[in-house]
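**Q** Here you go, this is input10.txt (compact mmCIF, C-alpha atoms).
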```
# COMPACT_ATOMS: atom_id res chain seq x y z
CA MET A 1 1.09 -9.71 23.52
CA LEU A 2 -1.17 -11.17 20.85
CA ARG A 3 -0.57 -14.62 22.31
CA ASP A 4 -2.46 -13.56 25.44
CA CYS A 5 -5.46 -12.19 23.49
CA GLU A 6 -8.45 -13.81 21.92
CA LEU A 7 -8.00 -13.16 18.20
CA SER A 8 -10.73 -13.12 15.60
CA VAL A 9 -10.53 -12.19 11.94
CA THR A 10 -13.47 -11.18 9.74
CA ALA A 11 -14.07 -13.02 6.48
CA PHE A 12 -16.92 -13.54 4.02
CA ASP A 13 -19.19 -16.59 4.09
CA TRP A 14 -19.16 -16.51 0.27
CA VAL A 15 -17.70 -14.51 -2.65
CA PRO A 16 -17.98 -14.99 -6.44
CA GLY A 17 -15.63 -17.48 -8.05
CA PHE A 18 -13.05 -14.99 -9.38
CA ALA A 19 -12.41 -13.69 -5.83
CA GLN A 20 -12.30 -17.07 -4.05
CA GLY A 21 -8.84 -17.60 -2.59
CA LEU A 22 -7.96 -13.91 -3.10
CA VAL A 23 -9.96 -12.10 -0.39
CA ARG A 24 -7.58 -10.19 1.85
CA ASP A 25 -8.38 -12.09 5.06
CA LEU A 26 -6.19 -14.80 3.51
CA ARG A 27 -3.13 -12.63 4.18
CA VAL A 28 -4.03 -12.27 7.85
CA ARG A 29 -4.86 -15.97 8.25
CA TRP A 30 -1.54 -16.84 6.62
CA ALA A 31 0.40 -14.59 9.00
CA LEU A 32 -1.45 -16.01 12.02
CA GLU A 33 -0.69 -19.56 10.85
CA GLU A 34 3.01 -18.74 10.32
CA ALA A 35 3.15 -17.15 13.77
CA GLY A 36 1.38 -20.13 15.34
CA LEU A 37 -1.31 -17.93 16.89
CA PRO A 38 -4.74 -19.54 17.36
CA TYR A 39 -7.69 -17.50 16.05
CA GLU A 40 -11.40 -17.53 15.46
CA VAL A 41 -13.10 -16.45 12.22
CA ASP A 42 -16.10 -14.08 12.27
CA LEU A 43 -17.97 -14.88 9.07
CA LEU A 44 -19.90 -11.99 7.51
CA ALA A 45 -22.89 -12.84 5.38
CA GLN A 46 -22.19 -11.55 1.86
CA GLY A 47 -23.98 -8.22 1.46
CA THR A 48 -23.75 -7.19 5.12
CA GLN A 49 -20.19 -5.85 4.99
CA GLY A 50 -21.44 -2.24 4.71
CA ASP A 51 -23.76 -2.53 7.73
CA ALA A 52 -23.07 -0.84 11.05
CA PRO A 53 -21.48 -3.79 12.91
CA ASN A 54 -18.75 -4.24 10.30
CA LEU A 55 -18.31 -0.49 9.74
CA ALA A 56 -17.50 -0.17 13.45
CA ARG A 57 -14.53 -2.50 12.88
CA GLN A 58 -13.65 -1.56 9.28
CA PRO A 59 -14.43 2.04 8.20
CA PHE A 60 -14.64 1.11 4.49
CA GLY A 61 -16.94 -1.87 4.94
CA GLN A 62 -14.27 -4.32 3.81
CA VAL A 63 -12.70 -7.44 5.24
CA PRO A 64 -10.50 -8.23 7.06
CA SER A 65 -10.28 -6.70 10.48
CA LEU A 66 -8.67 -8.35 13.47
CA LYS A 67 -10.12 -8.22 16.97
CA MET A 68 -7.33 -8.61 19.53
CA GLY A 69 -8.84 -8.83 23.00
CA ASP A 70 -10.26 -5.34 23.65
CA GLY A 71 -8.43 -3.84 20.66
CA SER A 72 -8.99 -3.99 16.93
CA MET A 73 -7.11 -3.28 13.71
CA PHE A 74 -7.99 -3.09 10.02
CA GLU A 75 -6.06 -3.23 6.70
CA SER A 76 -4.39 -6.55 6.01
CA GLY A 77 -0.97 -4.91 5.56
CA ALA A 78 -1.17 -3.27 8.97
CA ILE A 79 -2.43 -6.41 10.70
CA VAL A 80 0.20 -8.62 9.11
CA TRP A 81 2.99 -6.24 10.17
CA ARG A 82 1.55 -6.15 13.72
CA ILE A 83 1.51 -9.96 13.89
CA ALA A 84 5.08 -10.10 12.56
CA GLN A 85 6.32 -8.09 15.56
CA GLU A 86 5.68 -11.14 17.69
CA SER A 87 6.88 -13.91 15.36
CA ASP A 88 10.43 -14.99 14.66
CA VAL A 89 9.12 -16.89 11.63
CA LEU A 90 7.95 -13.61 10.06
CA LEU A 91 10.79 -11.31 11.13
CA PRO A 92 14.49 -11.80 11.86
CA PRO A 93 15.90 -10.41 15.12
CA ASP A 94 18.34 -7.90 13.57
CA PRO A 95 17.19 -4.33 12.89
CA ALA A 96 18.55 -4.27 9.31
CA GLY A 97 16.68 -7.47 8.47
CA ARG A 98 13.48 -6.04 9.94
CA ASP A 99 13.89 -2.82 7.94
CA ALA A 100 14.35 -4.83 4.74
CA ALA A 101 11.21 -6.89 5.45
CA LEU A 102 9.26 -3.65 6.02
CA SER A 103 10.50 -2.24 2.70
CA TRP A 104 9.42 -5.39 0.84
CA LEU A 105 6.03 -5.48 2.57
CA PHE A 106 5.29 -2.00 1.27
CA ALA A 107 6.80 -2.79 -2.14
CA ALA A 108 4.31 -5.65 -2.46
CA LEU A 109 1.33 -3.44 -1.59
CA ASN A 110 2.31 -0.08 -3.05
CA THR A 111 4.53 -0.91 -6.06
CA ILE A 112 3.58 -4.40 -7.27
CA GLU A 113 -0.12 -4.58 -6.39
CA PRO A 114 -1.41 -1.28 -7.89
CA PRO A 115 -1.06 -2.27 -11.59
CA ILE A 116 -2.36 -5.77 -10.75
CA SER A 117 -5.43 -4.19 -9.13
CA MET A 118 -5.89 -1.97 -12.18
CA LEU A 119 -5.96 -5.03 -14.42
CA ALA A 120 -8.52 -6.68 -12.11
CA GLN A 121 -10.64 -3.51 -12.38
CA LEU A 122 -10.50 -3.71 -16.19
CA ASP A 123 -11.11 -7.47 -16.35
CA PHE A 124 -13.75 -7.96 -13.67
CA PHE A 125 -15.41 -4.68 -12.73
CA SER A 126 -15.47 -2.38 -15.75
CA THR A 127 -18.87 -1.85 -17.36
CA ASP A 128 -17.28 -0.67 -20.63
CA THR A 129 -15.56 -3.86 -21.71
CA GLU A 130 -14.53 -2.49 -25.09
CA ALA A 131 -12.65 0.50 -23.61
CA ALA A 132 -11.25 -1.75 -20.86
CA GLY A 133 -9.92 -4.15 -23.47
CA ARG A 134 -8.17 -1.32 -25.31
CA LEU A 135 -6.39 -0.18 -22.13
CA ARG A 136 -5.41 -3.69 -21.09
CA PRO A 137 -2.06 -3.82 -22.95
CA GLU A 138 -0.64 -0.72 -21.25
CA ILE A 139 -1.54 -2.06 -17.79
CA VAL A 140 -0.06 -5.47 -18.61
CA ALA A 141 3.11 -3.64 -19.71
CA ALA A 142 3.23 -1.85 -16.33
CA ILE A 143 2.91 -5.18 -14.52
CA ARG A 144 5.65 -6.74 -16.65
CA LEU A 145 7.98 -3.81 -16.00
CA ARG A 146 7.70 -4.37 -12.27
CA LEU A 147 8.00 -8.14 -12.59
CA SER A 148 11.27 -7.61 -14.52
CA ALA A 149 12.71 -5.76 -11.55
CA LEU A 150 11.53 -8.48 -9.15
CA GLU A 151 12.97 -11.17 -11.41
CA ARG A 152 16.37 -9.46 -11.15
CA GLU A 153 16.11 -9.45 -7.33
CA LEU A 154 15.01 -13.07 -7.10
CA ALA A 155 17.58 -14.52 -9.50
CA GLY A 156 19.54 -17.18 -7.63
CA ARG A 157 17.79 -16.75 -4.29
CA ASP A 158 14.90 -18.32 -2.45
CA TRP A 159 13.49 -15.23 -0.71
CA LEU A 160 13.69 -11.47 -1.11
CA ALA A 161 16.13 -11.27 1.80
CA ASP A 162 18.35 -13.99 3.32
CA ARG A 163 15.37 -15.88 4.71
CA PHE A 164 11.56 -15.95 4.56
CA THR A 165 9.94 -12.87 6.15
CA VAL A 166 6.59 -11.09 6.26
CA GLY A 167 7.78 -9.27 3.13
CA ASP A 168 7.74 -12.58 1.22
CA LEU A 169 4.35 -13.43 2.67
CA MET A 170 2.85 -10.25 1.25
CA MET A 171 4.76 -10.42 -2.03
CA GLY A 172 3.64 -14.02 -2.54
CA ALA A 173 0.03 -13.13 -1.74
CA VAL A 174 0.09 -10.27 -4.26
CA LEU A 175 1.84 -12.24 -7.02
CA ARG A 176 -0.80 -14.98 -6.81
CA MET A 177 -3.10 -12.48 -8.56
CA VAL A 178 -0.89 -12.50 -11.69
CA ASP A 179 -1.98 -15.03 -14.32
CA ARG A 180 0.32 -18.01 -14.90
CA ASP A 181 0.97 -17.11 -18.55
CA THR A 182 2.50 -13.78 -17.58
CA LEU A 183 4.39 -15.29 -14.65
CA GLY A 184 5.82 -17.91 -17.00
CA ASP A 185 8.02 -15.24 -18.60
CA PHE A 186 9.64 -14.63 -15.20
CA PRO A 187 10.93 -18.03 -14.11
CA ALA A 188 12.65 -17.01 -10.86
CA THR A 189 9.51 -15.16 -9.81
CA ALA A 190 7.24 -18.06 -10.78
CA ALA A 191 9.39 -20.48 -8.74
CA TYR A 192 9.27 -18.01 -5.85
CA VAL A 193 5.46 -17.92 -5.90
CA ASP A 194 5.43 -21.73 -5.89
CA ARG A 195 7.75 -21.69 -2.88
CA CYS A 196 5.42 -19.29 -1.05
CA ILE A 197 2.21 -21.21 -1.69
CA ASP A 198 3.85 -24.52 -0.83
CA ARG A 199 4.26 -23.40 2.79
CA PRO A 200 2.00 -25.39 5.14
CA ALA A 201 0.79 -22.17 6.80
CA PHE A 202 -0.35 -20.82 3.42
CA ARG A 203 -2.16 -24.02 2.51
CA LYS A 204 -3.95 -24.07 5.86
CA ALA A 205 -4.98 -20.41 5.49
CA LEU A 206 -6.29 -21.00 1.96
CA ALA A 207 -8.30 -24.06 2.98
CA GLY A 208 -9.78 -22.03 5.83
CA GLN A 209 -10.94 -19.24 3.53
CA LEU A 210 -12.40 -21.61 0.92
CA GLN A 211 -14.25 -23.91 3.29
CA PRO A 212 -17.38 -21.74 3.91
CA PHE A 213 -17.53 -20.77 0.22
CA ALA A 214 -18.07 -24.40 -0.77
CA GLN A 215 -20.63 -24.84 2.00
CA ASN A 216 -22.62 -21.75 0.99
CA GLU A 217 -22.24 -21.95 -2.81
CA ALA A 218 -25.63 -23.52 -3.50
CA ARG A 219 -27.52 -21.09 -1.27
CA TYR A 220 -25.95 -17.95 -2.83
CA ALA A 221 -26.21 -19.35 -6.34
CA SER A 222 -29.96 -19.75 -5.92
CA MET A 223 -30.25 -16.20 -4.47
CA LEU A 224 -28.41 -14.72 -7.43
CA GLN A 225 -30.57 -16.38 -10.08
CA MET B 226 18.60 5.34 16.53
CA LEU B 227 18.05 7.45 13.42
CA ARG B 228 19.12 10.54 15.36
CA ASP B 229 22.64 9.11 15.55
CA CYS B 230 22.83 8.35 11.79
CA GLU B 231 23.57 10.46 8.78
CA LEU B 232 20.32 10.44 6.83
CA SER B 233 19.95 11.10 3.13
CA VAL B 234 16.87 10.79 0.94
CA THR B 235 16.87 10.43 -2.85
CA ALA B 236 14.83 12.85 -4.94
CA PHE B 237 14.70 14.03 -8.55
CA ASP B 238 16.39 17.21 -9.75
CA TRP B 239 13.37 17.80 -12.00
CA VAL B 240 10.02 16.22 -12.95
CA PRO B 241 7.26 17.36 -15.35
CA GLY B 242 4.75 19.89 -14.03
CA PHE B 243 1.92 17.44 -13.24
CA ALA B 244 4.21 15.52 -10.85
CA GLN B 245 5.82 18.50 -9.12
CA GLY B 246 4.89 18.46 -5.44
CA LEU B 247 3.64 14.86 -5.68
CA VAL B 248 6.84 12.79 -5.97
CA ARG B 249 6.96 10.33 -3.08
CA ASP B 250 10.14 11.70 -1.47
CA LEU B 251 7.80 14.44 -0.20
CA ARG B 252 6.27 11.94 2.22
CA VAL B 253 9.67 11.02 3.63
CA ARG B 254 10.81 14.66 3.85
CA TRP B 255 7.56 15.51 5.65
CA ALA B 256 8.05 12.71 8.20
CA LEU B 257 11.68 13.75 8.77
CA GLU B 258 10.60 17.36 9.29
CA GLU B 259 7.85 16.34 11.75
CA ALA B 260 10.34 14.17 13.63
CA GLY B 261 12.91 16.96 13.71
CA LEU B 262 15.58 14.77 12.12
CA PRO B 263 18.19 16.56 9.99
CA TYR B 264 18.80 15.04 6.54
CA GLU B 265 20.62 15.49 3.29
CA VAL B 266 19.04 15.14 -0.16
CA ASP B 267 20.71 13.07 -2.90
CA LEU B 268 19.42 14.57 -6.13
CA LEU B 269 19.13 12.18 -9.08
CA ALA B 270 19.35 13.64 -12.55
CA GLN B 271 16.05 12.92 -14.31
CA GLY B 272 16.54 9.86 -16.54
CA THR B 273 19.20 8.22 -14.34
CA GLN B 274 16.79 6.60 -11.86
CA GLY B 275 17.04 3.22 -13.64
CA ASP B 276 20.86 3.20 -13.60
CA ALA B 277 22.90 0.90 -11.38
CA PRO B 278 23.65 3.32 -8.52
CA ASN B 279 19.95 3.98 -7.85
CA LEU B 280 18.91 0.36 -8.49
CA ALA B 281 21.31 -0.67 -5.71
CA ARG B 282 19.23 1.48 -3.33
CA GLN B 283 15.79 1.08 -4.92
CA PRO B 284 15.11 -2.19 -6.82
CA PHE B 285 12.40 -0.62 -9.03
CA GLY B 286 14.42 2.42 -10.04
CA GLN B 287 12.12 4.79 -8.20
CA VAL B 288 12.53 7.47 -5.57
CA PRO B 289 12.67 7.75 -2.61
CA SER B 290 15.09 5.64 -0.68
CA LEU B 291 16.61 6.60 2.65
CA LYS B 292 20.22 6.01 3.57
CA MET B 293 20.56 5.67 7.35
CA GLY B 294 24.24 5.41 8.27
CA ASP B 295 25.31 2.01 6.92
CA GLY B 296 21.70 0.90 6.31
CA SER B 297 19.15 1.75 3.69
CA MET B 298 15.40 1.44 3.12
CA PHE B 299 13.02 1.98 0.22
CA GLU B 300 9.23 2.51 -0.22
CA SER B 301 7.95 5.75 1.25
CA GLY B 302 5.37 3.92 3.39
CA ALA B 303 8.04 1.74 4.98
CA ILE B 304 10.43 4.63 5.56
CA VAL B 305 7.76 6.85 7.06
CA TRP B 306 6.67 4.10 9.48
CA ARG B 307 10.33 3.53 10.43
CA ILE B 308 10.82 7.23 11.16
CA ALA B 309 7.60 7.29 13.19
CA GLN B 310 9.03 4.70 15.61
CA GLU B 311 11.36 7.38 16.90
CA SER B 312 9.04 10.39 16.93
CA ASP B 313 6.39 11.27 19.50
CA VAL B 314 4.98 13.77 17.01
CA LEU B 315 4.18 10.93 14.58
CA LEU B 316 3.09 8.23 17.04
CA PRO B 317 1.43 8.27 20.47
CA PRO B 318 3.00 6.22 23.28
CA ASP B 319 0.07 3.84 23.85
CA PRO B 320 -0.05 0.55 21.88
CA ALA B 321 -3.70 0.99 20.85
CA GLY B 322 -2.93 4.43 19.42
CA ARG B 323 0.06 3.06 17.52
CA ASP B 324 -2.04 0.20 16.11
CA ALA B 325 -4.66 2.70 14.93
CA ALA B 326 -2.02 4.84 13.23
CA LEU B 327 -0.65 1.74 11.48
CA SER B 328 -4.14 0.83 10.23
CA TRP B 329 -4.66 4.33 8.84
CA LEU B 330 -1.22 4.41 7.22
CA PHE B 331 -2.08 1.28 5.24
CA ALA B 332 -5.61 2.51 4.55
CA ALA B 333 -4.10 5.59 2.90
CA LEU B 334 -1.78 3.54 0.69
CA ASN B 335 -3.81 0.41 0.00
CA THR B 336 -7.47 1.55 0.10
CA ILE B 337 -7.53 5.28 -0.75
CA GLU B 338 -4.55 5.60 -3.09
CA PRO B 339 -5.22 2.75 -5.59
CA PRO B 340 -8.25 4.32 -7.33
CA ILE B 341 -6.50 7.72 -7.24
CA SER B 342 -3.47 6.15 -8.97
CA MET B 343 -5.78 4.54 -11.52
CA LEU B 344 -7.22 7.94 -12.37
CA ALA B 345 -3.71 9.37 -12.73
CA GLN B 346 -2.90 6.51 -15.10
CA LEU B 347 -5.94 7.36 -17.22
CA ASP B 348 -5.36 11.12 -17.14
CA PHE B 349 -1.59 11.36 -17.52
CA PHE B 350 -0.12 8.11 -18.84
CA SER B 351 -2.66 6.41 -21.10
CA THR B 352 -1.87 6.46 -24.82
CA ASP B 353 -5.52 5.73 -25.73
CA THR B 354 -7.14 8.90 -24.45
CA GLU B 355 -10.55 8.06 -25.91
CA ALA B 356 -10.78 4.71 -24.06
CA ALA B 357 -9.30 6.32 -20.94
CA GLY B 358 -11.97 9.02 -21.04
CA ARG B 359 -14.72 6.41 -21.24
CA LEU B 360 -13.41 4.59 -18.15
CA ARG B 361 -12.90 7.76 -16.14
CA PRO B 362 -16.42 7.92 -14.60
CA GLU B 363 -16.22 4.45 -13.03
CA ILE B 364 -12.84 5.24 -11.43
CA VAL B 365 -14.09 8.60 -10.17
CA ALA B 366 -17.06 6.73 -8.65
CA ALA B 367 -14.64 4.36 -6.87
CA ILE B 368 -12.73 7.35 -5.46
CA ARG B 369 -15.95 9.02 -4.30
CA LEU B 370 -17.14 5.82 -2.60
CA ARG B 371 -13.99 5.75 -0.49
CA LEU B 372 -14.10 9.48 0.21
CA SER B 373 -17.67 9.02 1.52
CA ALA B 374 -16.37 6.56 4.11
CA LEU B 375 -13.54 8.91 5.08
CA GLU B 376 -15.97 11.82 5.34
CA ARG B 377 -17.99 9.81 7.88
CA GLU B 378 -14.83 9.16 9.92
CA LEU B 379 -13.67 12.76 9.83
CA ALA B 380 -17.01 14.39 10.68
CA GLY B 381 -16.50 16.50 13.78
CA ARG B 382 -12.87 15.66 14.33
CA ASP B 383 -9.51 17.13 13.41
CA TRP B 384 -7.54 13.92 12.81
CA LEU B 385 -8.30 10.26 12.07
CA ALA B 386 -7.51 9.36 15.68
CA ASP B 387 -7.45 11.56 18.81
CA ARG B 388 -4.37 13.44 17.61
CA PHE B 389 -2.14 13.86 14.54
CA THR B 390 -0.17 10.71 13.70
CA VAL B 391 1.82 9.23 10.82
CA GLY B 392 -1.54 7.88 9.58
CA ASP B 393 -2.71 11.46 8.99
CA LEU B 394 0.58 12.34 7.33
CA MET B 395 0.10 9.59 4.76
CA MET B 396 -3.64 10.16 4.33
CA GLY B 397 -3.04 13.88 3.79
CA ALA B 398 -0.26 13.17 1.27
CA VAL B 399 -2.52 10.80 -0.68
CA LEU B 400 -5.58 13.07 -0.60
CA ARG B 401 -3.57 15.95 -2.07
CA MET B 402 -3.75 14.00 -5.34
CA VAL B 403 -7.56 14.38 -5.48
CA ASP B 404 -8.74 17.41 -7.46
CA ARG B 405 -10.34 20.24 -5.48
CA ASP B 406 -13.69 19.93 -7.30
CA THR B 407 -14.14 16.36 -6.11
CA LEU B 408 -12.89 17.17 -2.61
CA GLY B 409 -15.39 20.04 -2.43
CA ASP B 410 -18.21 17.51 -2.12
CA PHE B 411 -16.60 16.16 1.07
CA PRO B 412 -16.25 19.21 3.33
CA ALA B 413 -14.84 17.48 6.43
CA THR B 414 -12.24 15.74 4.26
CA ALA B 415 -11.37 18.96 2.41
CA ALA B 416 -10.87 20.78 5.73
CA TYR B 417 -8.73 17.87 6.93
CA VAL B 418 -6.46 18.13 3.89
CA ASP B 419 -6.11 21.87 4.54
CA ARG B 420 -5.16 21.09 8.15
CA CYS B 421 -2.51 18.62 6.97
CA ILE B 422 -0.89 20.90 4.42
CA ASP B 423 -0.94 23.84 6.80
CA ARG B 424 1.56 22.10 9.07
CA PRO B 425 4.96 23.83 9.03
CA ALA B 426 6.73 20.48 8.51
CA PHE B 427 4.67 19.84 5.37
CA ARG B 428 5.36 23.29 3.96
CA LYS B 429 9.07 22.93 4.58
CA ALA B 430 9.10 19.50 2.90
CA LEU B 431 7.19 20.78 -0.12
CA ALA B 432 9.47 23.78 -0.56
CA GLY B 433 12.45 21.41 -0.38
CA GLN B 434 11.12 19.19 -3.15
CA LEU B 435 10.17 22.10 -5.42
CA GLN B 436 13.37 24.10 -5.07
CA PRO B 437 15.58 22.13 -7.53
CA PHE B 438 12.70 21.84 -10.02
CA ALA B 439 12.55 25.60 -10.37
CA GLN B 440 16.34 25.79 -10.65
CA ASN B 441 16.49 23.12 -13.38
CA GLU B 442 13.32 23.93 -15.30
CA ALA B 443 14.99 25.90 -18.08
CA ARG B 444 17.70 23.29 -18.66
CA TYR B 445 15.25 20.36 -18.93
CA ALA B 446 12.79 22.36 -20.98
CA SER B 447 15.46 23.00 -23.59
CA MET B 448 16.49 19.29 -23.57
CA LEU B 449 12.89 18.20 -24.17
CA GLN B 450 12.30 20.49 -27.13
```
Render the structure in this file as structure tokens.
**A**
Amino acid sequence: MLRDCELSVTAFDWVPGFAQGLVRDLRVRWALEEAGLPYEVDLLAQGTQGDAPNLARQPFGQVPSLKMGDGSMFESGAIVWRIAQESDVLLPPDPAGRDAALSWLFAALNTIEPPISMLAQLDFFSTDTEAAGRLRPEIVAAIRLRLSALERELAGRDWLADRFTVGDLMMGAVLRMVDRDTLGDFPATAAYVDRCIDRPAFRKALAGQLQPFAQNEARYASMLQ
Amino acid sequence: MLRDCELSVTAFDWVPGFAQGLVRDLRVRWALEEAGLPYEVDLLAQGTQGDAPNLARQPFGQVPSLKMGDGSMFESGAIVWRIAQESDVLLPPDPAGRDAALSWLFAALNTIEPPISMLAQLDFFSTDTEAAGRLRPEIVAAIRLRLSALERELAGRDWLADRFTVGDLMMGAVLRMVDRDTLGDFPATAAYVDRCIDRPAFRKALAGQLQPFAQNEARYASMLQ
């Protein structure tokens, strides 16, 4: 049982502004907060994520990973699903409801997030901004196509299934990466995102991620000059 | 128990050549074959995937979905994990081994697959081929960075963990989308992919997906002229 383990999640001590509030440890913190599981945070100094200690916990040198007593897991989707097994806030008791939550968890990560990640690649990471700008409209169209389907599902309901589940947690976390202008064309989806981020567990998780960034901003800013 | 249900997976009756052998129902068929679960295939006529009957099973108008008696699931990752719960071929009995398989399943879909999907977008779907060509090198670099990490993990071992699991099934399915030239620079990973696709369950699943494509090729080719 996770409740009997010491839990600690890895996170960065600082990231650039565009990534603040979006680093994937947020998803794990949010799930832990919803489940009411106490946890520690192992802060990684920015730039050390590819070093041996983190690689031993996370083969790709990313965050997050979760230490659970003697065990360990990586990939926020995997960790969040593992936490949900032990939380009646994150999963309903009936098998059909659990299957639906699992489908929506993967839909968030494997259907909705990929075009959103592509747009982030074009907007924030591409070195050929002119070519990236030319491809932008077709990626935005792919995002909008998927949001249209979600909008249909969310019309007239609060959550993707009958109640909040881990599927909504992940969908909400992914949809936060969509800009508000785009979301504005999908009112049921926009209201849904607001409902997700208004949850006390989300707000606590977000504050937890942001806190060290503010503390370390001045130090990293001077290093990057 | 899935063994007590009638199972049927949706698949297309035909797709264009570049997608043949890569449509996501392959992942579900493969898992069903590994688990030794008998199943039917519901073939969708190409072009009807966005119609009401399929949307009722798959909110984004995609394949696959799995009907399980009275229940239903969508998203290949979710379905494959669900099947794995009832198969000792796909998951070991110990909790730590199951957690590791879950981490690798998500790593395949949320860390390895995204840059591979981005490259597919550039190569097969972009309408601005000149801009797409200019962005190609940075996406290939992102793929190679992740393959380097995998290569380190796979050095000297047959599978990602101590034995084949559902994590290898998904990683193998995703890595099949990488071209052989690129894979050639990562010999342990290339050998791993060969080990995955040499499994009888994989070969049976692949033959099952391809069979209707060959049957329907002439009919669709004449429609597309």
**Q** Which residues come within 10 Å of region 72-81 of chain A, counting all atoms listed in the file, excluding same-chain residues fewer than 5 positions away, as a PyMOL selection string?
**A** (chain A and resi 7-10+24-32+56-60+62-67+86+90-91+101-102+105-106+108-109+166-167+169-170) or (chain B and resi 321+324-336)
**Q** Quick one: pull the distance between CA of Asn54 (chain A) and CA of Ala11 (chain A), Å, one decimal.
**A**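 Between CA of Asn54 (chain A) and CA of Ala11 (chain A) the gap is 10.7 Å.
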**Q** Rank nothing, just name the residue among B:Asp348, B:Glu442, B:Glu258, B:Glu378 nearest to chain A, using only C-alpha atoms.
**A** B:Glu378
**Q** So that I can see what lies close to Phe349 (chain B), please list as a VMD selection string the residues with an atom at most 12 Å from it, counting only C-alpha atoms and leaving out residues fewer than 2 positions away in the same chain.
**A** chain B and resid 241 to 244 341 to 347 351 to 354 357 to 358 361
**Q** Taking all atoms listed in the file into account, which of B:Asp276, B:Ala413, B:Pro340, B:Thr390 comes nearest Ala366 (chain B)?
**A**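 The closest residue to Ala366 (chain B) is B:Pro340.
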**Q** Grab the CA of Pro95 (chain A) to CA of Leu147 (chain A) distance for me, in Å with one decimal place.
**A**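 So the answer is 27.4 Å.
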**Q** Would you list the contacts of region 194-210 of chain A as a PDB file with C-alpha atoms, in the frame of the given file, taking every protein, DNA or RNA residue within 7 Å and counting only C-alpha atoms, but skipping same-chain residues closer than 2 positions in sequence?
**A**
```pdb
ATOM      1  CA  GLN A  20     -12.300 -17.070  -4.050  1.00  0.00           C
ATOM      2  CA  GLY A  21      -8.840 -17.600  -2.590  1.00  0.00           C
ATOM      3  CA  LEU A  26      -6.190 -14.800   3.510  1.00  0.00           C
ATOM      4  CA  ARG A  29      -4.860 -15.970   8.250  1.00  0.00           C
ATOM      5  CA  TRP A  30      -1.540 -16.840   6.620  1.00  0.00           C
ATOM      6  CA  GLU A  33      -0.690 -19.560  10.850  1.00  0.00           C
ATOM      7  CA  GLU A  34       3.010 -18.740  10.320  1.00  0.00           C
ATOM      8  CA  GLY A 172       3.640 -14.020  -2.540  1.00  0.00           C
ATOM      9  CA  ALA A 190       7.240 -18.060 -10.780  1.00  0.00           C
ATOM     10  CA  ALA A 191       9.390 -20.480  -8.740  1.00  0.00           C
ATOM     11  CA  TYR A 192       9.270 -18.010  -5.850  1.00  0.00           C
ATOM     12  CA  PRO A 212     -17.380 -21.740   3.910  1.00  0.00           C
ATOM     13  CA  PHE A 213     -17.530 -20.770   0.220  1.00  0.00           C
ATOM     14  CA  ALA A 214     -18.070 -24.400  -0.770  1.00  0.00           C
TER      15      ALA A 214
END
```
**Q** Any idea what the distance is between CA of Tyr445 (chain B) and CA of Leu268 (chain B)?
**A**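 Result for CA of Tyr445 (chain B) versus CA of Leu268 (chain B): 14.7 Å, one decimal.
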**Q** Excluding same-chain residues fewer than 2 positions from Ala45 (chain A), what lies within 8 Å of it counting all atoms listed in the file, as a list in words?
**A**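 Once the adjacent positions are removed, what remains is Phe12, Asp13, Trp14, Leu43, Gly47, Thr48 and Gln49 of chain A.
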